[in-house]
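Below is the file model02.tsv, which contains TSV, C-alpha atoms.
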chain	number	residue	atom	x	y	z
A	1	MET	CA	0.00	0.00	0.00
A	2	ASP	CA	2.56	2.53	-1.06
A	3	ASN	CA	1.74	6.22	-1.19
A	4	THR	CA	2.38	7.54	-4.64
A	5	GLU	CA	3.40	11.11	-5.32
A	6	GLU	CA	0.59	13.66	-5.57
A	7	ASN	CA	-0.45	13.83	-9.17
A	8	ALA	CA	-2.68	16.07	-11.18
A	9	ILE	CA	-5.80	14.51	-12.60
A	10	GLU	CA	-6.78	14.39	-16.23
A	11	LEU	CA	-9.81	13.08	-17.99
A	12	HIS	CA	-9.82	10.44	-20.69
A	13	GLY	CA	-12.46	9.62	-23.26
A	14	ASP	CA	-14.84	11.75	-25.19
A	15	GLU	CA	-17.23	13.91	-23.28
A	16	GLU	CA	-20.80	12.85	-23.86
A	17	ILE	CA	-24.09	14.25	-22.80
A	18	ILE	CA	-25.58	11.83	-20.32
A	19	GLU	CA	-29.29	11.26	-20.64
A	20	VAL	CA	-31.17	9.88	-17.69
A	21	ILE	CA	-33.48	7.34	-19.26
A	22	ASP	CA	-36.66	6.59	-17.38
A	23	LEU	CA	-37.36	2.96	-18.15
A	24	ASN	CA	-40.68	2.83	-16.35
A	25	ASP	CA	-43.42	5.41	-16.01
A	26	THR	CA	-44.21	4.14	-12.55
A	27	GLU	CA	-41.80	2.77	-10.00
A	28	PRO	CA	-42.55	-0.86	-9.10
A	29	GLY	CA	-43.59	-1.38	-5.49
A	30	PRO	CA	-42.10	-4.02	-3.14
A	31	ASP	CA	-45.05	-6.35	-3.74
A	32	ASP	CA	-44.68	-6.15	-7.52
A	33	LEU	CA	-40.99	-6.97	-7.24
A	34	ALA	CA	-41.56	-9.79	-4.81
A	35	ASP	CA	-44.18	-11.22	-7.20
A	36	ASP	CA	-41.81	-10.69	-10.09
A	37	LEU	CA	-39.09	-12.61	-8.33
A	38	GLY	CA	-41.67	-15.23	-7.42
A	39	ASP	CA	-41.68	-16.22	-11.09
A	40	VAL	CA	-37.94	-16.90	-11.10
A	41	ASP	CA	-37.02	-20.51	-11.77
A	42	PHE	CA	-34.90	-21.35	-8.75
A	43	GLU	CA	-32.74	-24.42	-8.87
A	44	ASP	CA	-32.33	-26.94	-6.10
A	45	PRO	CA	-29.45	-25.57	-3.98
A	46	GLY	CA	-28.20	-28.97	-2.87
A	47	ASN	CA	-26.27	-29.26	0.39
A	48	PRO	CA	-25.37	-26.35	1.18
A	49	GLU	CA	2.51	-10.98	5.07
A	50	ASP	CA	1.76	-7.30	5.69
A	51	ASP	CA	3.07	-4.45	3.58
A	52	ASN	CA	3.01	-1.55	6.05
A	53	GLU	CA	4.33	1.18	3.78
A	54	GLY	CA	2.16	4.28	3.91
A	55	TRP	CA	0.71	3.43	7.32
A	56	GLU	CA	1.28	5.58	10.39
A	57	THR	CA	3.78	4.42	13.02
A	58	GLU	CA	2.55	3.14	16.38
A	59	ASP	CA	3.92	6.25	18.11
A	60	GLU	CA	1.92	8.52	15.79
A	61	MET	CA	-1.18	6.42	16.32
A	62	GLU	CA	-0.77	6.48	20.11
A	63	ALA	CA	-0.28	10.23	20.18
A	64	GLU	CA	-3.46	10.75	18.20
A	65	ALA	CA	-5.31	8.08	20.17
A	66	GLU	CA	-5.36	10.33	23.23
A	67	GLN	CA	-7.99	12.31	21.33
A	68	ASP	CA	-11.30	10.45	21.27
A	69	ASP	CA	-14.18	12.31	19.66
A	70	SER	CA	-16.57	9.37	19.82
A	71	GLU	CA	-19.81	9.25	21.82
A	72	LEU	CA	-19.62	5.51	22.39
A	73	THR	CA	-17.14	2.66	21.91
A	74	PHE	CA	-18.29	-0.90	21.21
A	75	SER	CA	-15.58	-3.27	22.48
A	76	LYS	CA	-17.11	-6.76	22.37
A	77	HIS	CA	-15.06	-7.92	19.36
A	78	THR	CA	-11.72	-9.61	20.14
A	79	GLY	CA	-10.21	-9.06	16.67
A	80	SER	CA	-10.31	-6.46	13.92
A	81	VAL	CA	-13.79	-5.21	13.03
A	82	PHE	CA	-14.17	-5.51	9.25
A	83	CYS	CA	-17.70	-4.30	8.47
A	84	VAL	CA	-20.55	-2.27	9.85
A	85	SER	CA	-24.07	-1.38	8.74
A	86	LEU	CA	-27.12	0.29	10.30
A	87	ASP	CA	-30.68	-0.99	10.26
A	88	PRO	CA	-32.41	1.01	7.49
A	89	ALA	CA	-35.82	1.18	9.19
A	90	THR	CA	-34.80	3.03	12.36
A	91	ASN	CA	-30.99	3.51	12.26
A	92	CYS	CA	-31.07	2.50	15.95
A	93	LEU	CA	-29.22	-0.81	15.56
A	94	ALA	CA	-25.77	-1.52	14.14
A	95	VAL	CA	-24.35	-4.86	13.04
A	96	THR	CA	-20.58	-5.40	13.02
A	97	GLY	CA	-18.55	-8.38	11.80
A	98	GLY	CA	-15.05	-9.24	12.89
A	99	GLU	CA	-11.90	-11.31	12.84
A	100	ASP	CA	-13.21	-13.15	15.92
A	101	ASP	CA	-15.62	-15.12	13.65
A	102	LYS	CA	-18.63	-13.27	15.07
A	103	ALA	CA	-21.13	-10.58	14.21
A	104	TYR	CA	-22.94	-8.54	16.84
A	105	VAL	CA	-26.18	-6.61	16.56
A	106	TRP	CA	-26.09	-3.74	19.07
A	107	ARG	CA	-27.83	-0.50	19.96
A	108	VAL	CA	-26.02	2.63	18.86
A	109	SER	CA	-27.52	4.61	21.78
A	110	ASP	CA	-25.86	2.59	24.56
A	111	GLY	CA	-23.81	-0.18	22.91
A	112	GLU	CA	-25.97	-2.94	24.41
A	113	VAL	CA	-25.78	-6.24	22.51
A	114	VAL	CA	-29.17	-7.24	21.07
A	115	MET	CA	-27.95	-10.43	19.39
A	116	GLU	CA	-24.72	-12.37	18.91
A	117	CYS	CA	-24.34	-14.03	15.52
A	118	SER	CA	-22.05	-16.97	16.25
A	119	GLY	CA	-21.17	-20.30	14.64
A	120	HIS	CA	-19.02	-18.89	11.85
A	121	LYS	CA	-15.82	-20.69	10.83
A	122	ASP	CA	-13.76	-17.68	9.72
A	123	SER	CA	-13.62	-13.89	9.92
A	124	VAL	CA	-17.03	-12.28	9.37
A	125	THR	CA	-16.40	-9.82	6.54
A	126	CYS	CA	-20.03	-9.14	5.53
A	127	ALA	CA	-22.91	-8.26	7.84
A	128	MET	CA	-26.03	-6.28	6.98
A	129	PHE	CA	-29.73	-5.77	7.59
A	130	SER	CA	-32.46	-6.58	5.09
A	131	HIS	CA	-34.45	-3.72	3.53
A	132	ASP	CA	-37.06	-3.75	6.31
A	133	SER	CA	-34.55	-4.39	9.14
A	134	SER	CA	-36.28	-7.65	10.12
A	135	LEU	CA	-33.36	-9.89	9.11
A	136	VAL	CA	-29.57	-9.78	9.42
A	137	ALA	CA	-27.22	-11.65	7.10
A	138	SER	CA	-23.68	-12.48	8.21
A	139	GLY	CA	-21.07	-14.04	5.95
A	140	ASP	CA	-17.54	-15.26	6.67
A	141	MET	CA	-14.50	-15.53	4.43
A	142	SER	CA	-14.87	-19.30	4.07
A	143	GLY	CA	-18.31	-18.82	2.51
A	144	LEU	CA	-20.62	-19.73	5.39
A	145	ILE	CA	-23.63	-17.40	5.26
A	146	LYS	CA	-26.23	-17.17	8.03
A	147	VAL	CA	-29.47	-15.22	8.26
A	148	TRP	CA	-30.93	-14.24	11.63
A	149	LYS	CA	-34.37	-12.95	12.60
A	150	VAL	CA	-33.86	-9.82	14.69
A	151	GLU	CA	-37.18	-10.06	16.57
A	152	THR	CA	-36.65	-13.63	17.82
A	153	LYS	CA	-32.81	-13.52	17.78
A	154	GLU	CA	-32.83	-16.90	15.99
A	155	GLU	CA	-30.84	-18.21	13.05
A	156	ILE	CA	-33.44	-18.99	10.36
A	157	TRP	CA	-31.26	-20.00	7.38
A	158	SER	CA	-27.69	-20.88	6.44
A	159	PHE	CA	-25.83	-21.92	3.33
A	160	GLU	CA	-22.23	-22.54	2.34
A	161	VAL	CA	-20.65	-21.26	-0.87
A	162	GLY	CA	-17.04	-20.86	-2.03
A	163	ASP	CA	-14.80	-18.17	-0.53
A	164	LEU	CA	-17.08	-15.15	-0.06
A	165	GLU	CA	-16.30	-11.81	-1.72
A	166	TRP	CA	-19.48	-9.82	-1.03
A	167	LEU	CA	-23.03	-10.08	0.25
A	168	GLU	CA	-25.96	-7.83	-0.66
A	169	TRP	CA	-29.65	-7.69	0.24
A	170	HIS	CA	-32.25	-6.92	-2.42
A	171	PRO	CA	-33.51	-3.32	-1.90
A	172	CYS	CA	-37.17	-4.27	-1.47
A	173	ALA	CA	-37.63	-8.04	-1.03
A	174	PRO	CA	-36.29	-10.78	1.31
A	175	VAL	CA	-33.79	-11.90	-1.33
A	176	LEU	CA	-30.05	-12.22	-0.69
A	177	LEU	CA	-27.20	-12.14	-3.23
A	178	ALA	CA	-23.58	-13.20	-2.80
A	179	GLY	CA	-20.46	-13.16	-4.98
A	180	THR	CA	-17.69	-15.73	-4.58
A	181	ASN	CA	-14.06	-16.33	-5.37
A	182	ASP	CA	-14.95	-18.81	-8.15
A	183	GLY	CA	-16.91	-16.15	-10.06
A	184	ASN	CA	-20.41	-17.32	-9.25
A	185	VAL	CA	-23.15	-15.00	-8.07
A	186	TRP	CA	-25.82	-16.65	-5.93
A	187	MET	CA	-29.36	-15.48	-5.21
A	188	TRP	CA	-31.67	-16.93	-2.55
A	189	LYS	CA	-35.18	-16.33	-1.33
A	190	ILE	CA	-35.07	-16.11	2.46
A	191	PRO	CA	-36.01	-18.15	4.43
A	192	ALA	CA	-37.29	-20.66	1.83
A	193	GLY	CA	-33.78	-20.93	0.41
A	194	ASP	CA	-34.86	-21.24	-3.26
A	195	CYS	CA	-31.64	-20.69	-5.17
A	196	LYS	CA	-30.43	-19.33	-8.49
A	197	THR	CA	-26.86	-18.89	-9.74
A	198	PHE	CA	-25.40	-16.52	-12.30
A	199	GLU	CA	-22.33	-18.19	-13.76
A	200	SER	CA	-19.42	-16.41	-15.39
A	201	PRO	CA	-15.79	-17.11	-16.35
A	202	ALA	CA	-13.70	-18.54	-13.57
A	203	CYS	CA	-12.45	-15.36	-11.92
A	204	GLN	CA	-13.55	-13.69	-8.70
A	205	ALA	CA	-16.84	-11.79	-8.56
A	206	THR	CA	-15.18	-9.01	-6.56
A	207	SER	CA	-18.09	-6.60	-6.07
A	208	GLY	CA	-21.82	-6.46	-6.64
A	209	LYS	CA	-24.80	-4.13	-6.34
A	210	VAL	CA	-28.53	-4.60	-6.94
A	211	LEU	CA	-29.89	-1.63	-8.91
A	212	PRO	CA	-32.77	0.39	-7.41
A	213	ASP	CA	-35.33	-1.12	-9.79
A	214	GLY	CA	-34.75	-4.46	-8.03
A	215	LYS	CA	-34.69	-6.26	-11.38
A	216	ARG	CA	-31.01	-5.96	-12.28
A	217	ALA	CA	-27.68	-6.41	-10.52
A	218	VAL	CA	-24.27	-5.06	-11.52
A	219	VAL	CA	-21.29	-7.33	-10.82
A	220	GLY	CA	-17.59	-6.52	-11.19
A	221	TYR	CA	-14.95	-9.21	-11.72
A	222	GLU	CA	-11.25	-9.77	-11.13
A	223	ASP	CA	-10.48	-9.66	-14.87
A	224	GLY	CA	-11.84	-6.09	-15.17
A	225	THR	CA	-15.18	-7.15	-16.67
A	226	VAL	CA	-18.51	-5.68	-15.54
A	227	ARG	CA	-21.79	-7.52	-16.11
A	228	VAL	CA	-25.34	-6.26	-15.74
A	229	TRP	CA	-27.54	-9.25	-14.87
A	230	ASP	CA	-31.30	-9.64	-15.31
A	231	LEU	CA	-32.28	-11.21	-11.98
A	232	LYS	CA	-35.51	-12.76	-13.27
A	233	GLN	CA	-34.26	-14.17	-16.58
A	234	GLY	CA	-30.79	-15.04	-15.27
A	235	ASN	CA	-28.92	-13.67	-18.27
A	236	ALA	CA	-26.29	-10.91	-18.64
A	237	ILE	CA	-27.95	-7.91	-20.33
A	238	HIS	CA	-24.63	-6.08	-20.80
A	239	VAL	CA	-21.01	-7.22	-20.62
A	240	ILE	CA	-18.47	-4.40	-20.40
A	241	LYS	CA	-15.02	-5.76	-21.21
A	242	GLY	CA	-11.85	-5.20	-23.25
A	243	GLN	CA	-11.11	-1.51	-23.82
A	244	ASP	CA	-14.49	-0.59	-22.33
A	245	GLY	CA	-13.84	-2.67	-19.23
A	246	HIS	CA	-11.08	-2.20	-16.67
A	247	GLN	CA	-7.48	-3.38	-16.97
A	248	GLY	CA	-7.50	-4.82	-13.45
A	249	ALA	CA	-9.79	-6.22	-10.77
A	250	LEU	CA	-12.91	-4.28	-9.82
A	251	THR	CA	-12.75	-2.87	-6.29
A	252	CYS	CA	-16.01	-0.95	-5.92
A	253	LEU	CA	-19.37	-0.12	-7.51
A	254	ALA	CA	-22.01	2.54	-6.96
A	255	CYS	CA	-25.15	3.67	-8.75
A	256	ASN	CA	-27.05	6.94	-8.76
A	257	LYS	CA	-30.43	7.28	-7.07
A	258	ASP	CA	-32.56	6.14	-10.02
A	259	GLY	CA	-30.09	3.48	-11.19
A	260	SER	CA	-29.61	5.03	-14.64
A	261	LEU	CA	-25.85	5.45	-14.13
A	262	MET	CA	-23.21	3.42	-12.35
A	263	LEU	CA	-19.62	4.08	-11.32
A	264	THR	CA	-17.02	1.31	-11.31
A	265	GLY	CA	-13.60	1.51	-9.65
A	266	SER	CA	-10.58	-0.72	-10.16
A	267	VAL	CA	-6.99	-1.40	-9.14
A	268	ASP	CA	-6.08	-0.04	-12.60
A	269	GLY	CA	-6.50	3.49	-11.19
A	270	CYS	CA	-9.62	4.29	-13.25
A	271	ALA	CA	-13.23	4.98	-12.41
A	272	LYS	CA	-15.73	4.52	-15.22
A	273	LEU	CA	-19.20	5.96	-15.65
A	274	VAL	CA	-21.62	3.57	-17.34
A	275	ASN	CA	-25.18	4.05	-18.62
A	276	THR	CA	-27.00	1.01	-17.20
A	277	ALA	CA	-29.69	1.04	-19.91
A	278	THR	CA	-27.22	0.85	-22.82
A	279	GLY	CA	-24.12	-0.64	-21.16
A	280	LYS	CA	-22.06	2.18	-22.72
A	281	VAL	CA	-19.11	3.78	-20.92
A	282	VAL	CA	-19.89	7.52	-20.91
A	283	GLY	CA	-16.99	8.78	-18.80
A	284	VAL	CA	-13.53	7.76	-17.58
A	285	PHE	CA	-11.79	9.31	-14.57
A	286	SER	CA	-8.17	8.50	-13.77
A	287	VAL	CA	-5.05	9.82	-12.09
A	288	GLU	CA	-2.61	11.49	-14.52
A	289	GLY	CA	0.28	9.31	-15.58
A	290	GLY	CA	-1.92	6.24	-15.04
A	291	GLU	CA	0.89	3.99	-13.83
A	292	GLY	CA	-1.67	1.24	-13.47
A	293	LYS	CA	-3.01	1.60	-16.97
A	294	GLY	CA	-2.39	-1.70	-18.67
A	295	SER	CA	0.00	-2.63	-15.88
A	296	LYS	CA	0.15	-6.21	-14.73
A	297	ASP	CA	1.50	-5.22	-11.32
A	298	GLU	CA	-1.40	-3.98	-9.23
A	299	LYS	CA	0.94	-2.36	-6.69
A	300	GLU	CA	2.13	0.11	-9.31
A	301	SER	CA	-1.31	1.56	-9.85
A	302	ASN	CA	-3.10	4.08	-7.66
A	303	SER	CA	-6.08	1.86	-6.97
A	304	VAL	CA	-9.59	3.32	-6.78
A	305	GLU	CA	-10.93	2.21	-3.40
A	306	SER	CA	-14.43	3.74	-3.29
A	307	VAL	CA	-16.82	5.69	-5.52
A	308	GLY	CA	-20.15	7.44	-5.02
A	309	PHE	CA	-22.80	9.79	-6.42
A	310	CYS	CA	-24.11	12.91	-4.68
A	311	ASN	CA	-27.93	12.73	-4.50
A	312	ILE	CA	-28.67	16.45	-4.67
A	313	LEU	CA	-26.02	17.83	-7.05
A	314	PRO	CA	-24.42	16.46	-10.25
A	315	LEU	CA	-21.22	15.49	-8.41
A	316	ILE	CA	-19.33	12.22	-8.02
A	317	ALA	CA	-16.50	11.31	-5.66
A	318	VAL	CA	-13.61	8.94	-6.37
A	319	ALA	CA	-11.29	7.84	-3.53
A	320	TYR	CA	-7.78	6.58	-4.27
A	321	LEU	CA	-5.27	4.48	-2.36
A	322	ASP	CA	-2.75	7.36	-2.36
A	323	GLY	CA	-5.15	9.41	-0.20
A	324	THR	CA	-6.68	11.54	-2.96
A	325	LEU	CA	-10.40	12.25	-2.81
A	326	ALA	CA	-11.37	13.62	-6.23
A	327	ILE	CA	-14.72	15.37	-6.70
A	328	TYR	CA	-15.85	15.68	-10.31
A	329	ASP	CA	-18.68	17.57	-11.97
A	330	LEU	CA	-20.86	14.87	-13.52
A	331	SER	CA	-22.21	16.95	-16.40
A	332	THR	CA	-18.82	18.29	-17.62
A	333	GLN	CA	-16.62	15.48	-16.16
A	334	VAL	CA	-14.23	18.19	-14.96
A	335	LEU	CA	-12.30	17.83	-11.69
A	336	ARG	CA	-13.82	20.26	-9.19
A	337	HIS	CA	-11.82	19.52	-6.05
A	338	ARG	CA	-8.90	17.45	-4.87
A	339	CYS	CA	-9.05	16.67	-1.14
A	340	GLN	CA	-5.78	15.19	0.06
A	341	HIS	CA	-5.46	12.69	2.90
A	342	GLU	CA	-2.17	11.68	4.51
A	343	ALA	CA	-2.99	7.99	4.18
A	344	GLY	CA	-4.98	5.79	1.81
A	345	ILE	CA	-8.76	6.15	1.75
A	346	VAL	CA	-10.70	2.97	2.50
A	347	HIS	CA	-14.30	4.05	1.94
A	348	LEU	CA	-16.43	7.09	1.10
A	349	GLN	CA	-20.13	7.86	1.58
A	350	TRP	CA	-22.22	10.84	0.49
A	351	GLU	CA	-24.89	12.01	2.91
A	352	GLU	CA	-28.40	11.17	1.68
A	353	SER	CA	-29.69	14.71	1.31
A	354	SER	CA	-26.69	17.05	1.30
A	355	SER	CA	-23.48	17.69	-0.63
A	356	VAL	CA	-21.29	16.40	2.22
A	357	VAL	CA	-19.10	13.37	1.59
A	358	SER	CA	-17.42	11.42	4.40
A	359	THR	CA	-14.21	9.39	4.17
A	360	CYS	CA	-12.37	6.95	6.40
A	361	SER	CA	-8.71	6.17	5.96
A	362	LEU	CA	-5.73	4.11	7.06
A	363	ASP	CA	-4.70	6.86	9.52
A	364	GLY	CA	-7.71	6.04	11.70
A	365	ALA	CA	-9.65	9.26	11.11
A	366	LEU	CA	-13.15	9.96	9.80
A	367	ARG	CA	-13.45	13.19	7.82
A	368	LEU	CA	-16.36	15.18	6.40
A	369	TRP	CA	-15.86	17.22	3.21
A	370	ASP	CA	-18.02	19.84	1.53
A	371	GLY	CA	-18.54	18.65	-2.06
A	372	ARG	CA	-19.34	22.21	-3.22
A	373	SER	CA	-16.18	23.87	-1.91
A	374	GLY	CA	-13.80	20.93	-1.40
A	375	ASN	CA	-13.15	22.11	2.18
A	376	MET	CA	-12.84	19.73	5.11
A	377	LEU	CA	-15.73	20.41	7.49
A	378	SER	CA	-14.64	18.22	10.39
A	379	GLU	CA	-12.32	15.43	11.45
A	380	TYR	CA	-13.08	12.76	14.06
A	381	ARG	CA	-10.44	10.70	15.84
A	382	GLY	CA	-10.41	8.03	18.50
A	383	HIS	CA	-9.31	4.81	16.81
A	384	THR	CA	-5.77	3.50	17.36
A	385	ALA	CA	-5.65	1.67	14.03
A	386	GLU	CA	-7.02	2.04	10.51
A	387	ILE	CA	-10.77	2.41	9.95
A	388	LEU	CA	-11.86	-0.49	7.73
A	389	ASP	CA	-15.50	0.49	7.20
A	390	PHE	CA	-18.04	3.07	8.31
A	391	THR	CA	-21.61	4.14	7.69
A	392	VAL	CA	-23.58	7.36	8.22
A	393	ASN	CA	-27.23	7.33	9.30
A	394	GLY	CA	-30.04	8.76	7.14
A	395	GLU	CA	-30.23	12.02	9.05
A	396	ALA	CA	-26.43	12.40	8.84
A	397	SER	CA	-26.38	12.98	12.61
A	398	LEU	CA	-24.09	10.07	13.47
A	399	ALA	CA	-21.48	7.77	11.96
A	400	VAL	CA	-20.51	4.27	13.08
A	401	THR	CA	-16.96	3.10	12.32
A	402	ALA	CA	-15.25	-0.32	12.32
A	403	SER	CA	-11.51	-0.53	12.95
A	404	GLY	CA	-8.46	-2.77	13.09
A	405	ASP	CA	-8.15	-1.82	16.79
A	406	ASN	CA	-10.96	-4.36	17.57
A	407	GLN	CA	-13.45	-1.56	18.23
A	408	ALA	CA	-16.46	0.05	16.64
A	409	LYS	CA	-17.28	3.64	17.54
A	410	VAL	CA	-20.26	5.96	17.28
A	411	PHE	CA	-19.49	9.59	16.38
A	412	CYS	CA	-21.98	12.42	16.66
A	413	LEU	CA	-21.71	14.50	13.47
A	414	GLN	CA	-22.32	18.03	14.64
A	415	ARG	CA	-22.45	20.86	12.12
A	416	PRO	CA	-23.58	24.48	12.56
A	417	ASP	CA	-26.14	24.19	9.75
A	418	ARG	CA	-28.00	21.32	11.42

Would you put the structure from the file into structure tokens?
Amino acid sequence: MDNTEENAIELHGDEEIIEVIDLNDTEPGPDDLADDLGDVDFEDPGNPEDDNEGWETEDEMEAEAEQDDSELTFSKHTGSVFCVSLDPATNCLAVTGGEDDKAYVWRVSDGEVVMECSGHKDSVTCAMFSHDSSLVASGDMSGLIKVWKVETKEEIWSFEVGDLEWLEWHPCAPVLLAGTNDGNVWMWKIPAGDCKTFESPACQATSGKVLPDGKRAVVGYEDGTVRVWDLKQGNAIHVIKGQDGHQGALTCLACNKDGSLMLTGSVDGCAKLVNTATGKVVGVFSVEGGEGKGSKDEKESNSVESVGFCNILPLIAVAYLDGTLAIYDLSTQVLRHRCQHEAGIVHLQWEESSSVVSTCSLDGALRLWDGRSGNMLSEYRGHTAEILDFTVNGEASLAVTASGDNQAKVFCLQRPDR
């Protein structure tokens, strides 16, 4: 994870006018989608050395650790905490997964454990609530996936796949998707367990996202390919590969609010903007010099670690491993702001209804940036190791972080304009 020199940013590819195509006059409701997916032909599932360059020294971490801006620290995990998500219905519960082979569901107000998700065989790297917050899915690196009912605190379903890369709930139905190391994407109805697989060439399905219409999923692969899958028919509607695809493994995916556009990020140092209706690449964003362009050695490239769309302004954010947060104007594809971090960025998230974007990085800090001005609004410290994941609640009043220091923390996001 070497820090590359600060570079300027240039744009590649022809500028195009991006049309937002409304595929449906009326948005489908949850019942329609559930019925739609009810027609899917499900198959019988059957039986189910560290490179520390660019990291802060322990002394630096300890000096900064004396400052703790958090409201609450969750300390039940006995290993690194890899993932965190909030329940979408109330934002009152968090679920965290860790190196200790466990996930915990706990209250963000007081840190009290509501449920312990145990029985995993490896580090829990995926843990999240279903769309209505009634279920929690936890998945470990070995591929053991469990689903728990929050109300009764019981495990209601489990299944084993190959080494797990990602897990994702459907946005409006009790349907779970997973991507694995062997390139398969799985989809199950929960708790019935009816199963469908989306097969592709034998390389990792490194990232996945169900689009807001609930009918399609975008999956990124280790070979740089992106596929848009029809969840009902089971076929790939678009395959973005070759020059249009990436020259290295996909690291992250995001879509805009209506699902008409998606952003893909890769270890090749590029982010690409894709029209989901046509499968056409309509924008390319990359660091100047593009060491990773066409490079076989992933370490040479300034990997894109996270991407996201602003909901209220035509802005996108691209976070790089060298600590650069780039904010681009979506309509002109021009770089608006470059927000520099001292260490690599792990994850970014735009607030739901503002132009504020938050980042977490390997230096253990959470930062809030104004997308309009590029200025840092606030910085929150308290972790003694890198932050590996974080999430911000719907009101943007608090953030929950997961860290390599075995802790999760709740930060109150105070701003004068709130």

Could you give me, as JSON, numbers by chain, the residues within 6 Å of segment 71-88 of chain A, counting all atoms listed in the file and dropping anything in the same chain fewer than 5 positions from it?
-> {"A": [93, 94, 95, 96, 97, 98, 99, 100, 111, 125, 128, 129, 133, 388, 389, 402, 403, 404, 405, 406, 407, 408, 409, 410, 411]}

Just C-alpha atoms for this one: save the residues we selected as a CSV table (one decimal), keeping the file's coordinate frame.
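Final output, out23.csv:
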chain,number,residue,atom,x,y,z
A,93,LEU,CA,-29.2,-0.8,15.6
A,94,ALA,CA,-25.8,-1.5,14.1
A,95,VAL,CA,-24.4,-4.9,13.0
A,96,THR,CA,-20.6,-5.4,13.0
A,97,GLY,CA,-18.6,-8.4,11.8
A,98,GLY,CA,-15.0,-9.2,12.9
A,99,GLU,CA,-11.9,-11.3,12.8
A,100,ASP,CA,-13.2,-13.2,15.9
A,111,GLY,CA,-23.8,-0.2,22.9
A,125,THR,CA,-16.4,-9.8,6.5
A,128,MET,CA,-26.0,-6.3,7.0
A,129,PHE,CA,-29.7,-5.8,7.6
A,133,SER,CA,-34.6,-4.4,9.1
A,388,LEU,CA,-11.9,-0.5,7.7
A,389,ASP,CA,-15.5,0.5,7.2
A,402,ALA,CA,-15.2,-0.3,12.3
A,403,SER,CA,-11.5,-0.5,13.0
A,404,GLY,CA,-8.5,-2.8,13.1
A,405,ASP,CA,-8.2,-1.8,16.8
A,406,ASN,CA,-11.0,-4.4,17.6
A,407,GLN,CA,-13.4,-1.6,18.2
A,408,ALA,CA,-16.5,0.0,16.6
A,409,LYS,CA,-17.3,3.6,17.5
A,410,VAL,CA,-20.3,6.0,17.3
A,411,PHE,CA,-19.5,9.6,16.4

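For the residues A:Val281, A:Ile145, A:Leu135, A:Cys92, ranking by smallest atom-to-atom distance to Ser118 of chain A using all atoms listed in the file places A:Ile145 first.
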
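Using only C-alpha atoms for every distance, the candidate list A:His337, A:Lys149, A:Lys215, A:His131 yields A:Lys149 as the residue closest to Val114 of chain A.
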
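Non-sequential neighbours of segment 233-249 of chain A (distance at most 7 Å, separation of 3 or more positions within a chain, all atoms listed in the file) are Phe198, Tyr221, Glu222, Asp223, Gly224, Thr225, Val226, Arg227, Val228, Trp229, Asp230, Ser266, Val267, Asp268, Gly279, Val281, Lys293 and Gly294 of chain A.
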
Determine, counting only C-alpha atoms, every residue of protein, DNA or RNA that lies within 12 Å of (-20.2, -12.4, -2.5) in the file coordinates, then give the result as an mmCIF file with C-alpha atoms, keeping the file's coordinate frame.
data_model
loop_
_atom_site.group_PDB
_atom_site.id
_atom_site.type_symbol
_atom_site.label_atom_id
_atom_site.label_comp_id
_atom_site.auth_asym_id
_atom_site.auth_seq_id
_atom_site.Cartn_x
_atom_site.Cartn_y
_atom_site.Cartn_z
ATOM 1 C CA THR A 125 -16.400 -9.820 6.540
ATOM 2 C CA CYS A 126 -20.030 -9.140 5.530
ATOM 3 C CA ALA A 127 -22.910 -8.260 7.840
ATOM 4 C CA ALA A 137 -27.220 -11.650 7.100
ATOM 5 C CA SER A 138 -23.680 -12.480 8.210
ATOM 6 C CA GLY A 139 -21.070 -14.040 5.950
ATOM 7 C CA ASP A 140 -17.540 -15.260 6.670
ATOM 8 C CA MET A 141 -14.500 -15.530 4.430
ATOM 9 C CA SER A 142 -14.870 -19.300 4.070
ATOM 10 C CA GLY A 143 -18.310 -18.820 2.510
ATOM 11 C CA LEU A 144 -20.620 -19.730 5.390
ATOM 12 C CA ILE A 145 -23.630 -17.400 5.260
ATOM 13 C CA GLU A 160 -22.230 -22.540 2.340
ATOM 14 C CA VAL A 161 -20.650 -21.260 -0.870
ATOM 15 C CA GLY A 162 -17.040 -20.860 -2.030
ATOM 16 C CA ASP A 163 -14.800 -18.170 -0.530
ATOM 17 C CA LEU A 164 -17.080 -15.150 -0.060
ATOM 18 C CA GLU A 165 -16.300 -11.810 -1.720
ATOM 19 C CA TRP A 166 -19.480 -9.820 -1.030
ATOM 20 C CA LEU A 167 -23.030 -10.080 0.250
ATOM 21 C CA GLU A 168 -25.960 -7.830 -0.660
ATOM 22 C CA TRP A 169 -29.650 -7.690 0.240
ATOM 23 C CA LEU A 176 -30.050 -12.220 -0.690
ATOM 24 C CA LEU A 177 -27.200 -12.140 -3.230
ATOM 25 C CA ALA A 178 -23.580 -13.200 -2.800
ATOM 26 C CA GLY A 179 -20.460 -13.160 -4.980
ATOM 27 C CA THR A 180 -17.690 -15.730 -4.580
ATOM 28 C CA ASN A 181 -14.060 -16.330 -5.370
ATOM 29 C CA ASP A 182 -14.950 -18.810 -8.150
ATOM 30 C CA GLY A 183 -16.910 -16.150 -10.060
ATOM 31 C CA ASN A 184 -20.410 -17.320 -9.250
ATOM 32 C CA VAL A 185 -23.150 -15.000 -8.070
ATOM 33 C CA TRP A 186 -25.820 -16.650 -5.930
ATOM 34 C CA MET A 187 -29.360 -15.480 -5.210
ATOM 35 C CA THR A 197 -26.860 -18.890 -9.740
ATOM 36 C CA PHE A 198 -25.400 -16.520 -12.300
ATOM 37 C CA GLN A 204 -13.550 -13.690 -8.700
ATOM 38 C CA ALA A 205 -16.840 -11.790 -8.560
ATOM 39 C CA THR A 206 -15.180 -9.010 -6.560
ATOM 40 C CA SER A 207 -18.090 -6.600 -6.070
ATOM 41 C CA GLY A 208 -21.820 -6.460 -6.640
ATOM 42 C CA LYS A 209 -24.800 -4.130 -6.340
ATOM 43 C CA VAL A 219 -21.290 -7.330 -10.820
ATOM 44 C CA GLY A 220 -17.590 -6.520 -11.190
ATOM 45 C CA TYR A 221 -14.950 -9.210 -11.720
#
